[in-house]
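Engineer: Attaching a single structure in structure tokens format; questions to follow.
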Amino acid sequence: MYSLEGIEMLDKRLTLALNSLHCGWSDQIWTILSSRAIWIPAYLLVAAGFIRHFGWKRALLFIGGAGLLVLFSDQFCNLVKDTFCRIRPCNDAWMIDHGLNCLSRPTRSFGFFSAHAANSFGLATYAVKGINTGIYGKRNKTGTIASALIFLWATAVSASRIFVGRHFLGDIIVGLLFGILAGYVIALAVAFVNRRIKAKG
């Protein structure tokens, strides 16, 4: 059985091992992927998908659900960070002494868990679950490529947080799991509201 200290040290060593897999050109890519600006294409893609499949009026409900998801995920993550107060790798003296490649300094000191991972996987789950499985009332069998791309984007964004030195691997894994759960639950909630609106219409 691992102790809490043992699990934390394993997390640190695995994070260092992943963080060490970098070079000059990949540092630039990870920095771009870690930027908030990288969210814009994903938001536009999800919005375009909803508009295409549901039309402008109904798409507003689904876009609103996506906005609610990101807001809830982001704020809950901040609450957890301030509760657990686990410092980020780039603020951890042990990590820096052992060769952490840190590409940016955070404005917030604490990093558990990753809002980038939670938001990106939450959005991916919400979009893919909603459109491709017919949970919103219309099944689409042609979205396989789009589904793969949006989860690839979520994975790349999440991994970038390790490579820039802002999160431990454990932060990413917990954020990923939380995001998938939140995306699924809010997709169900939006589907329920959509059915009620259709029933009344």
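In the structure tokens, each chain is lettered A, B, ... as it comes, each chain's residues begin at 1, and ligands are numbered from 1 in order of appearance.
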Using backbone DSSP assignments, extract all helix (DSSP H, G or I) residues from segment 7-183 of chain A; output them as a PyMOL selection string.
Structural biologist: chain A and resi 7-19+24-34+36-84+89-91+93-97+115-132+144-163+169-183
Engineer: Just the residues within 10 Å of segment 9-20 of chain A, please, counting only C-alpha atoms, with nothing from its chain fewer than 3 positions along; format it as a list in words.
Structural biologist: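 Listed by chain and then number, they are Tyr2, Ser3, Leu4, Glu5, Gly6, Cys23, Pro89, Asp92, Trp94, Met95, Ile96, His98, Gly99, Leu100, Asn101, Cys102, Ala159, Ser160, Arg161, Ile162, Phe163, Val164, Gly165, His167, Phe168, Leu169, Gly170 and Asp171 of chain A.
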Engineer: Counting only C-alpha atoms, which residue out of A:Ile173, A:Val157, A:Leu188, A:Leu44 sits closest to Phe112 of chain A?
Structural biologist: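 That would be A:Ile173, the residue with the smallest distance to Phe112 of chain A.
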Engineer: Let me make sure I understand: among A:Val185, A:Leu68, A:Gly179, A:Trp30, which one has the smallest atom-to-atom distance to Ser120 of chain A if we use only C-alpha atoms?
Structural biologist: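 Nearest to Ser120 of chain A: A:Gly179.
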Engineer: Nearest to Ser35 of chain A: which of A:Thr125, A:Ser104, A:Lys200, A:Phe151 is it, counting only C-alpha atoms?
Structural biologist: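 Comparing A:Thr125, A:Ser104, A:Lys200, A:Phe151 against Ser35 of chain A, the winner is A:Ser104.
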Engineer: Looking at A:Pro41, A:Cys77, A:Arg36, A:Gly49, which one is nearest to Ser147 of chain A, with distances taken over only C-alpha atoms?
Structural biologist: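 For Ser147 of chain A, the nearest of the given residues is A:Gly49.
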Engineer: Show which residues sit within 12 Å of Phe178 of chain A, as an MDAnalysis selection string. Count only C-alpha atoms, and ignore same-chain residues fewer than 6 positions away.
Structural biologist: chainID A and resid 69:70 72:74 76:77 80 112:123 125 171:172 184:185
